[in-house]
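Following: one structure in structure tokens, then a few remarks.
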Amino acid sequence: MARVGVIPGRPLALGLTLALLAAASSSAAVAEIRVSPAVVKLDRPEASQQLLITDVNGDKQRDATREAKYEVKPPVIVRVDADGLMEPLEEGTTTVVVKVGAGQVEIPVTVSGLKKPPPVSFEHEIQPILTKNRCNAGGCHGKAEGQNGFKLSLLGFDAPSDYDALIKQGKGRRVSFPNPASSLLVRKASAETPHGGGLKIEPGSAQYKRLVRWIGSGAPATIADDQPIVSIEVEPSQLVMQAKETRQLKVTAINAKGERHCATVEADYVSNAPHVVEASSRGLLTATDIPGESAVLVRYLGHVAVCRVAVPRPNQTIVRPAENNFIDKHVWDKLVTLGIQPSDVIDDATFQRRAYLDTIGTLPTAAEARAFLADSATDKRAKLVVALLERPEYADYWAMQWGDILRADKIKITPQGTVGVTRWLRKQFGENRPYDAMVREIITAQGPVQSESPAAFFKAVDQPELASRSVSQLFLGVRIECAQCHHHPSERWGQDDYAGLAGFFTGLSITRLPNATDAVVSRGGTDVNHPRLKVPVPARALGAKDADFTNISDRRQVLANWMTAADNPYFARAIANRMWAHYMGRGLVEPIDDIRATNPPTNEPLMAALEAHLREVKFDLKAFTRTLLASRVYQLSTAASDSNRDDRQHFSHAFPKALPAEVLLDAVCQTTGVPEKFNGWPLGVRCIQVWDNRMPSYFFRIFGRPVRATVCECERSNEPSISQALHLLNSPEINDKIISRSGAARKLADSKLTPEQIIEEIYLGTLSRLPTAEEKALMQEAFTTAGDQRHQAVEDVLWTVMNTKEFLYNH
């Protein structure tokens, strides 16, 4: 055998070592330092450039921006602070050497525009300073009435008005052209003069110097060849971070000429899940120790971008459960990525109760619960859902919910109008009319308000602007009301979009008929004026071209066509998210009617799949419901594990849901066997059938029944309160139902059933399950204590179970 190596005494050992090193170098990933940007140009005194330093090792990336060492050669041209922010010192060229460990990268840098700096643009360079420092925020000078006589437009949406406020109002006292640094604007911002907002701009900082330079140049309103910003980019746009890790963002603004400059320092950063990822004012992200996802909104000069961040739970081995359908696949994909183990599947009793309450707003009876538990069929859950969707309570329950958000308020649209809308809704859900066809009829409705139709909706929203923003929020999931007064702070919608959408509803009017009733009539229509510029804005849908009304008598028909078109980006997504939220306890987008690029779904692939499925079934809501309830995700337990206890976004376990006021009172009535008596209504009518939203009821009031004043589901309050707890414990009305001589408790007490059988009947009738051995033993004590007062024992058991969280919540 030939020897390997040349060092006397260790030839073989050295040869083996070299061979091992060679093998390792051929298979191991080589570390790499990446710097963004690779070349830097600074063209004015106040310019800056955020560097991003990434240590890449194979498929792993680590932010080394604050770990890196920066050396400038020669050092007189620029400086780089410990956070990787570069600022100019002198004109010229230089090189910045970035060192991370043993590696280094050189960045060429050019500085110009310091000796003869370009003029300062008020709109594009001063406005960002005011916005960044919250001077024009809603809590300061941006609120409706301003602050201490000084008013700015909210978040700087109206630059001309803000310029006038700074320069012309207050007799020009806010600026001093002979001595810019002594201007009241500068002195208050730097806290040299007492200022209620405190220190906003550090003296000597780049923002301070820019403000002084602008005033010193005469504080021009505009400058020659001023290029507007047309978009912004955030880097990185997607991240996977470990617990407690930090990552720096870099924001680049792009103007109409395609020129780019760093806007990291002046951009705003807002995390939609700060419990997962926190964002500093300088764009530094810090992950908490809670796994999940966050969308970090980046805002600059009316433009927005988003950085999506995932924080997985470390060192987790996830056992991927079986999949019932595509929903499970997408949810498991997300949970595996995040290192979150889903909970177990619920038992038959819990599934039955959950499905009943979610689908028809009604508890199963004791007999129904017993029959379902005894059924040995493997497909009994799917069969149950099919049967529930055909019950009349399904139409009653969903008509009630849609009556809420369609604002079927008897005071606003008359009692007859409320009855008409409710009947129409029951018919739609009872016949399972496709959702797109149902919405089209709502959008284009006209005729008598008191007819069995959705026409009364336009009596509730009887102004073009109110109608447009209600329709947008309800059917598109887009909240556009912010754009009435200013550019939407988190979206692309401006006042022209707001006016354009309102233009579809200007032809509507409420006309008095000969029989003294009202009718919704649509005749022609005109374009709506821009709220600020007071010039007509052509009617157009959101993000669409100007509408063409050729041969169209009702402008709303064009809007309905656009909304229900196959390529509409909002319509299917809005109803899919609304339905998902109802059954799963939380929307993929929250709030459910605030869908926008800066508020993305927690699971975008799942959202896209739900939209596609909804279109595949041709907007058949019953078919869509069957798919949701067939998923394993819907059937997960509310019991959380150590792995998923902190998960609030990704559906690793179910969320307990407080019963709506009407559903809870119906459950009380059904359980006690004593119906509620409503004034003017026949005995036995159920709460979910009562169309009268103004029905006097203390129970409805404290349990949050909405008065139907808005199209937002947030109007219904399901938050628990002390008043609710005390009412359930001490209410004479509920106690009277429990002790009623004709009620369920007395009938059980007078029956020949044993105490054990009575306890089982109560549990089946309230919780849809049999009692555990421990519960049965505990409840038996009530019968032992009561002696020959058997009815007292039954009433006590029923009262006790009805006051458990398990009865009050859908779990």
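To be explicit about the labels: the chains of the structure tokens are called A, B, and onward in the order shown, and within each one the residues are counted from 1, while ligands get numbers from 1 in the order they are shown.
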
Checklist entry - Which residues come within 8 Å of Thr598 in chain A, counting only C-alpha atoms, excluding same-chain residues fewer than 2 positions away, as an MDAnalysis selection string? => result chainID A and resid 295:297 304:306 490:491 596 600

Could the residues of range 590-653 of chain A that have an atom at most 9 Å from range 431-449 of chain A be listed as a Markdown table, each with its closest atom pair and the distance in Å to one decimal, counting only C-alpha atoms and ordered by chain and ascending residue number?
| residue | atom | partner | partner_atom | distance |
| --- | --- | --- | --- | --- |
| A:Lys618 | CA | A:Pro434 | CA | 6.8 |
| A:Phe619 | CA | A:Pro434 | CA | 5.1 |
| A:Asp620 | CA | A:Pro434 | CA | 5.0 |
| A:Leu621 | CA | A:Tyr435 | CA | 6.7 |
| A:Lys622 | CA | A:Asn432 | CA | 6.9 |

Those residues with N, CA, C and O atoms, as a CSV table (one decimal), in the first residue's frame please?
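The resulting file, result.csv, is shown below:
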chain,number,residue,atom,x,y,z
A,618,LYS,N,-70.5,26.6,-7.7
A,618,LYS,CA,-71.4,27.7,-8.3
A,618,LYS,C,-72.1,28.4,-7.2
A,618,LYS,O,-73.3,28.7,-7.2
A,619,PHE,N,-71.3,28.8,-6.1
A,619,PHE,CA,-71.8,29.6,-5.0
A,619,PHE,C,-73.0,28.9,-4.3
A,619,PHE,O,-73.8,29.6,-3.8
A,620,ASP,N,-73.0,27.6,-4.2
A,620,ASP,CA,-73.9,26.8,-3.5
A,620,ASP,C,-73.5,26.8,-2.0
A,620,ASP,O,-72.5,26.1,-1.7
A,621,LEU,N,-74.1,27.6,-1.2
A,621,LEU,CA,-73.7,27.7,0.2
A,621,LEU,C,-73.8,26.5,1.0
A,621,LEU,O,-73.1,26.2,2.0
A,622,LYS,N,-74.8,25.7,0.7
A,622,LYS,CA,-75.0,24.4,1.4
A,622,LYS,C,-73.9,23.4,1.1
A,622,LYS,O,-73.3,22.8,2.0

Please produce, as JSON lines, a per-residue contact table for range 639-737 of chain A versus range 461-485 of chain A (criterion: any atom at most 9 Å away, only C-alpha atoms considered), showing the nearest atom pair and its distance in Å to one decimal, sorted by chain then residue number.
{"residue": "A:Thr710", "atom": "CA", "partner": "A:Ser470", "partner_atom": "CA", "distance": 8.1}
{"residue": "A:Val711", "atom": "CA", "partner": "A:Ser470", "partner_atom": "CA", "distance": 6.3}
{"residue": "A:Cys712", "atom": "CA", "partner": "A:Leu474", "partner_atom": "CA", "distance": 7.4}

Based on the selection just made, write all heavy atoms of those residues as a JSON list (two decimals), in the first residue's frame.
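Output below, filename selection.json:
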[["chain", "number", "residue", "atom", "x", "y", "z"],
["A", 710, "THR", "N", -75.69, 48.99, 11.54],
["A", 710, "THR", "CA", -74.57, 48.96, 10.58],
["A", 710, "THR", "C", -74.59, 47.62, 9.85],
["A", 710, "THR", "O", -75.31, 46.70, 10.23],
["A", 710, "THR", "CB", -73.21, 49.12, 11.28],
["A", 710, "THR", "OG1", -72.90, 47.91, 11.99],
["A", 710, "THR", "CG2", -73.22, 50.28, 12.26],
["A", 711, "VAL", "N", -73.74, 47.51, 8.81],
["A", 711, "VAL", "CA", -73.61, 46.24, 8.09],
["A", 711, "VAL", "C", -72.48, 45.40, 8.68],
["A", 711, "VAL", "O", -72.13, 44.36, 8.12],
["A", 711, "VAL", "CB", -73.33, 46.48, 6.59],
["A", 711, "VAL", "CG1", -74.50, 47.17, 5.94],
["A", 711, "VAL", "CG2", -72.04, 47.26, 6.38],
["A", 712, "CYS", "N", -71.92, 45.80, 9.79],
["A", 712, "CYS", "CA", -70.79, 45.09, 10.39],
["A", 712, "CYS", "C", -71.28, 44.06, 11.40],
["A", 712, "CYS", "O", -72.10, 44.38, 12.27],
["A", 712, "CYS", "CB", -69.85, 46.09, 11.08],
["A", 712, "CYS", "SG", -68.36, 45.34, 11.76]]

Which residues, written as a PDB file with all heavy atoms, in the first residue's frame, have at least one atom at most 9 Å from Ala263 in chain A, with only C-alpha atoms counted and residues fewer than 6 positions away on the same chain left out?
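around-v5.pdb was written with the following content:
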ATOM      1  N   SER A  48     -29.846  58.869   3.193  1.00  0.00           N
ATOM      2  CA  SER A  48     -29.325  57.767   4.006  1.00  0.00           C
ATOM      3  C   SER A  48     -29.566  56.469   3.264  1.00  0.00           C
ATOM      4  O   SER A  48     -30.392  56.406   2.353  1.00  0.00           O
ATOM      5  CB  SER A  48     -29.978  57.736   5.387  1.00  0.00           C
ATOM      6  OG  SER A  48     -31.373  57.460   5.268  1.00  0.00           O
ATOM      7  N   GLN A  49     -28.860  55.439   3.654  1.00  0.00           N
ATOM      8  CA  GLN A  49     -29.041  54.129   3.044  1.00  0.00           C
ATOM      9  C   GLN A  49     -28.902  53.048   4.109  1.00  0.00           C
ATOM     10  O   GLN A  49     -27.870  52.940   4.768  1.00  0.00           O
ATOM     11  CB  GLN A  49     -28.014  53.884   1.931  1.00  0.00           C
ATOM     12  CG  GLN A  49     -28.115  52.512   1.291  1.00  0.00           C
ATOM     13  CD  GLN A  49     -29.445  52.308   0.576  1.00  0.00           C
ATOM     14  OE1 GLN A  49     -29.776  53.026  -0.361  1.00  0.00           O
ATOM     15  NE2 GLN A  49     -30.228  51.325   1.019  1.00  0.00           N
ATOM     16  N   GLN A  50     -29.970  52.283   4.285  1.00  0.00           N
ATOM     17  CA  GLN A  50     -29.926  51.160   5.207  1.00  0.00           C
ATOM     18  C   GLN A  50     -29.278  49.974   4.499  1.00  0.00           C
ATOM     19  O   GLN A  50     -29.681  49.582   3.405  1.00  0.00           O
ATOM     20  CB  GLN A  50     -31.334  50.765   5.656  1.00  0.00           C
ATOM     21  CG  GLN A  50     -31.385  49.544   6.556  1.00  0.00           C
ATOM     22  CD  GLN A  50     -30.708  49.783   7.895  1.00  0.00           C
ATOM     23  OE1 GLN A  50     -31.048  50.718   8.598  1.00  0.00           O
ATOM     24  NE2 GLN A  50     -29.747  48.934   8.239  1.00  0.00           N
ATOM     25  N   ILE A 232     -43.400  51.470  -3.484  1.00  0.00           N
ATOM     26  CA  ILE A 232     -42.320  51.175  -2.541  1.00  0.00           C
ATOM     27  C   ILE A 232     -42.085  49.669  -2.516  1.00  0.00           C
ATOM     28  O   ILE A 232     -42.979  48.878  -2.833  1.00  0.00           O
ATOM     29  CB  ILE A 232     -42.617  51.687  -1.106  1.00  0.00           C
ATOM     30  CG1 ILE A 232     -43.838  50.975  -0.508  1.00  0.00           C
ATOM     31  CG2 ILE A 232     -42.800  53.181  -1.085  1.00  0.00           C
ATOM     32  CD1 ILE A 232     -44.060  51.270   0.968  1.00  0.00           C
ATOM     33  N   LYS A 250     -35.460  46.819   4.917  1.00  0.00           N
ATOM     34  CA  LYS A 250     -35.000  47.938   4.102  1.00  0.00           C
ATOM     35  C   LYS A 250     -36.133  48.338   3.166  1.00  0.00           C
ATOM     36  O   LYS A 250     -36.714  47.486   2.486  1.00  0.00           O
ATOM     37  CB  LYS A 250     -33.751  47.569   3.299  1.00  0.00           C
ATOM     38  CG  LYS A 250     -33.267  48.662   2.332  1.00  0.00           C
ATOM     39  CD  LYS A 250     -31.895  48.338   1.779  1.00  0.00           C
ATOM     40  CE  LYS A 250     -31.922  47.190   0.786  1.00  0.00           C
ATOM     41  NZ  LYS A 250     -32.533  47.583  -0.511  1.00  0.00           N
ATOM     42  N   VAL A 251     -36.445  49.627   3.105  1.00  0.00           N
ATOM     43  CA  VAL A 251     -37.535  50.122   2.277  1.00  0.00           C
ATOM     44  C   VAL A 251     -36.968  51.020   1.185  1.00  0.00           C
ATOM     45  O   VAL A 251     -36.167  51.918   1.463  1.00  0.00           O
ATOM     46  CB  VAL A 251     -38.562  50.905   3.119  1.00  0.00           C
ATOM     47  CG1 VAL A 251     -39.705  51.409   2.240  1.00  0.00           C
ATOM     48  CG2 VAL A 251     -39.094  50.033   4.238  1.00  0.00           C
ATOM     49  N   THR A 252     -37.389  50.769  -0.037  1.00  0.00           N
ATOM     50  CA  THR A 252     -36.933  51.550  -1.178  1.00  0.00           C
ATOM     51  C   THR A 252     -38.130  52.205  -1.849  1.00  0.00           C
ATOM     52  O   THR A 252     -39.120  51.534  -2.161  1.00  0.00           O
ATOM     53  CB  THR A 252     -36.199  50.659  -2.198  1.00  0.00           C
ATOM     54  OG1 THR A 252     -35.105  50.011  -1.555  1.00  0.00           O
ATOM     55  CG2 THR A 252     -35.700  51.486  -3.372  1.00  0.00           C
ATOM     56  N   ALA A 253     -38.047  53.516  -2.054  1.00  0.00           N
ATOM     57  CA  ALA A 253     -39.096  54.257  -2.753  1.00  0.00           C
ATOM     58  C   ALA A 253     -38.680  54.439  -4.210  1.00  0.00           C
ATOM     59  O   ALA A 253     -37.516  54.716  -4.506  1.00  0.00           O
ATOM     60  CB  ALA A 253     -39.321  55.615  -2.090  1.00  0.00           C
ATOM     61  N   TYR A 300     -45.460  54.454   3.362  1.00  0.00           N
ATOM     62  CA  TYR A 300     -44.631  55.617   3.040  1.00  0.00           C
ATOM     63  C   TYR A 300     -45.322  56.420   1.947  1.00  0.00           C
ATOM     64  O   TYR A 300     -45.620  55.899   0.868  1.00  0.00           O
ATOM     65  CB  TYR A 300     -43.243  55.168   2.576  1.00  0.00           C
ATOM     66  CG  TYR A 300     -42.315  56.305   2.175  1.00  0.00           C
ATOM     67  CD1 TYR A 300     -41.755  57.130   3.136  1.00  0.00           C
ATOM     68  CD2 TYR A 300     -42.020  56.539   0.835  1.00  0.00           C
ATOM     69  CE1 TYR A 300     -40.900  58.174   2.772  1.00  0.00           C
ATOM     70  CE2 TYR A 300     -41.169  57.569   0.467  1.00  0.00           C
ATOM     71  CZ  TYR A 300     -40.604  58.393   1.437  1.00  0.00           C
ATOM     72  OH  TYR A 300     -39.778  59.418   1.077  1.00  0.00           O
TER      73      TYR A 300
END

Checklist entry - Which residue gives the smallest distance to Ile215 in chain A among A:Ala256, A:Leu185, A:Ala630, A:Val298, with only C-alpha atoms counted? => result A:Leu185

Next on the checklist: Applying 9 Å and only C-alpha atoms, which residues near range 789-803 of chain A remain after dropping the ones on its own chain fewer than 3 positions away? List them as number ranges by chain.
Outcome noted: A: 668, 671-672, 725, 728-729, 735, 738-739, 745-750, 755, 758-759, 762-763, 766-767, 779-786, 806-808

Item to check | Non-local contacts of range 96-105 of chain A (6 Å; only C-alpha atoms; under 4 positions in same chain excluded) as a PyMOL selection string | outcome: chain A and resi 68-72

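Taking CA of Gln450 in chain A and CA of Ile405 in chain A as the two end points, the separation is 18.1 Å.
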
Checklist entry - If we count only C-alpha atoms, what is near Phe655 in chain A at a cut-off of 9 Å, once residues fewer than 6 positions away on the same chain are taken out, given as number ranges by chain? => result A: 584-586, 637-638, 648, 810-811

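Closest approach to Arg213 in chain A from the set A:Val175, A:Leu239, A:Ala159, A:Ala273 is made by A:Val175, with distances taken over only C-alpha atoms.
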
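Take the candidates A:Pro454, A:Gly765, A:Gly494, A:Pro536 and check each one against Val520 in chain A using only C-alpha atoms; the shortest distance goes to A:Pro454.
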
Item to check | Thr246 in chain A surroundings by only C-alpha atoms, 8 Å radius, close-in-sequence under 6 positions cut, as a PyMOL selection string | outcome: chain A and resi 63+284-287

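The set of residues in range 580-666 of chain A assigned to strand (DSSP E or B) by DSSP, using only backbone atoms of this structure, is Arg596, Asn599, Leu636, Lys657 and Ala658 of chain A.
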
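Each of A:Cys714, A:Val690, A:Val385, A:Val80 was checked against Leu628 in chain A using only C-alpha atoms; the smallest atom-to-atom distance is that of A:Val385.
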
Next on the checklist: Just list as number ranges by chain whatever in range 493-564 of chain A DSSP marks as alpha helix (DSSP H).
Outcome noted: A: 495-502, 555-563

Output for the residues just chosen: N, CA and C atoms as a PDB file, in the first residue's frame:
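Everything below was put into again.pdb:
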ATOM      1  N   GLN A 495     -59.734  59.186  -2.376  1.00  0.00           N
ATOM      2  CA  GLN A 495     -61.038  59.835  -2.439  1.00  0.00           C
ATOM      3  C   GLN A 495     -61.690  59.693  -3.808  1.00  0.00           C
ATOM      4  N   ASP A 496     -60.882  59.570  -4.863  1.00  0.00           N
ATOM      5  CA  ASP A 496     -61.468  59.358  -6.186  1.00  0.00           C
ATOM      6  C   ASP A 496     -62.104  57.977  -6.286  1.00  0.00           C
ATOM      7  N   ASP A 497     -61.512  56.967  -5.636  1.00  0.00           N
ATOM      8  CA  ASP A 497     -62.120  55.632  -5.616  1.00  0.00           C
ATOM      9  C   ASP A 497     -63.436  55.655  -4.849  1.00  0.00           C
ATOM     10  N   TYR A 498     -63.445  56.383  -3.748  1.00  0.00           N
ATOM     11  CA  TYR A 498     -64.658  56.495  -2.946  1.00  0.00           C
ATOM     12  C   TYR A 498     -65.781  57.127  -3.755  1.00  0.00           C
ATOM     13  N   ALA A 499     -65.483  58.238  -4.419  1.00  0.00           N
ATOM     14  CA  ALA A 499     -66.504  58.920  -5.216  1.00  0.00           C
ATOM     15  C   ALA A 499     -66.914  58.082  -6.413  1.00  0.00           C
ATOM     16  N   GLY A 500     -65.954  57.390  -7.023  1.00  0.00           N
ATOM     17  CA  GLY A 500     -66.275  56.562  -8.181  1.00  0.00           C
ATOM     18  C   GLY A 500     -67.246  55.448  -7.843  1.00  0.00           C
ATOM     19  N   LEU A 501     -67.070  54.807  -6.693  1.00  0.00           N
ATOM     20  CA  LEU A 501     -67.978  53.730  -6.302  1.00  0.00           C
ATOM     21  C   LEU A 501     -69.361  54.276  -5.957  1.00  0.00           C
ATOM     22  N   ALA A 502     -69.405  55.439  -5.313  1.00  0.00           N
ATOM     23  CA  ALA A 502     -70.699  56.037  -4.949  1.00  0.00           C
ATOM     24  C   ALA A 502     -71.518  56.386  -6.184  1.00  0.00           C
ATOM     25  N   ARG A 555     -77.696  51.974 -13.122  1.00  0.00           N
ATOM     26  CA  ARG A 555     -76.237  51.898 -12.992  1.00  0.00           C
ATOM     27  C   ARG A 555     -75.787  50.693 -12.159  1.00  0.00           C
ATOM     28  N   ARG A 556     -76.607  50.288 -11.234  1.00  0.00           N
ATOM     29  CA  ARG A 556     -76.221  49.197 -10.341  1.00  0.00           C
ATOM     30  C   ARG A 556     -76.031  47.879 -11.085  1.00  0.00           C
ATOM     31  N   GLN A 557     -76.662  47.728 -12.249  1.00  0.00           N
ATOM     32  CA  GLN A 557     -76.498  46.492 -13.024  1.00  0.00           C
ATOM     33  C   GLN A 557     -75.041  46.306 -13.448  1.00  0.00           C
ATOM     34  N   VAL A 558     -74.373  47.408 -13.806  1.00  0.00           N
ATOM     35  CA  VAL A 558     -72.961  47.328 -14.186  1.00  0.00           C
ATOM     36  C   VAL A 558     -72.114  46.905 -12.980  1.00  0.00           C
ATOM     37  N   LEU A 559     -72.419  47.460 -11.825  1.00  0.00           N
ATOM     38  CA  LEU A 559     -71.692  47.084 -10.611  1.00  0.00           C
ATOM     39  C   LEU A 559     -71.933  45.614 -10.276  1.00  0.00           C
ATOM     40  N   ALA A 560     -73.180  45.155 -10.377  1.00  0.00           N
ATOM     41  CA  ALA A 560     -73.498  43.758 -10.080  1.00  0.00           C
ATOM     42  C   ALA A 560     -72.761  42.821 -11.034  1.00  0.00           C
ATOM     43  N   ASN A 561     -72.675  43.201 -12.307  1.00  0.00           N
ATOM     44  CA  ASN A 561     -71.947  42.380 -13.276  1.00  0.00           C
ATOM     45  C   ASN A 561     -70.476  42.264 -12.892  1.00  0.00           C
ATOM     46  N   TRP A 562     -69.885  43.390 -12.504  1.00  0.00           N
ATOM     47  CA  TRP A 562     -68.483  43.378 -12.107  1.00  0.00           C
ATOM     48  C   TRP A 562     -68.273  42.555 -10.839  1.00  0.00           C
ATOM     49  N   MET A 563     -69.159  42.716  -9.859  1.00  0.00           N
ATOM     50  CA  MET A 563     -69.002  42.013  -8.584  1.00  0.00           C
ATOM     51  C   MET A 563     -69.058  40.505  -8.753  1.00  0.00           C
TER      52      MET A 563
END

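Distances here use only C-alpha atoms; by that measure, the residue among A:Glu604, A:Thr526, A:Gln227, A:Glu715 closest to Gly258 in chain A is A:Gln227.
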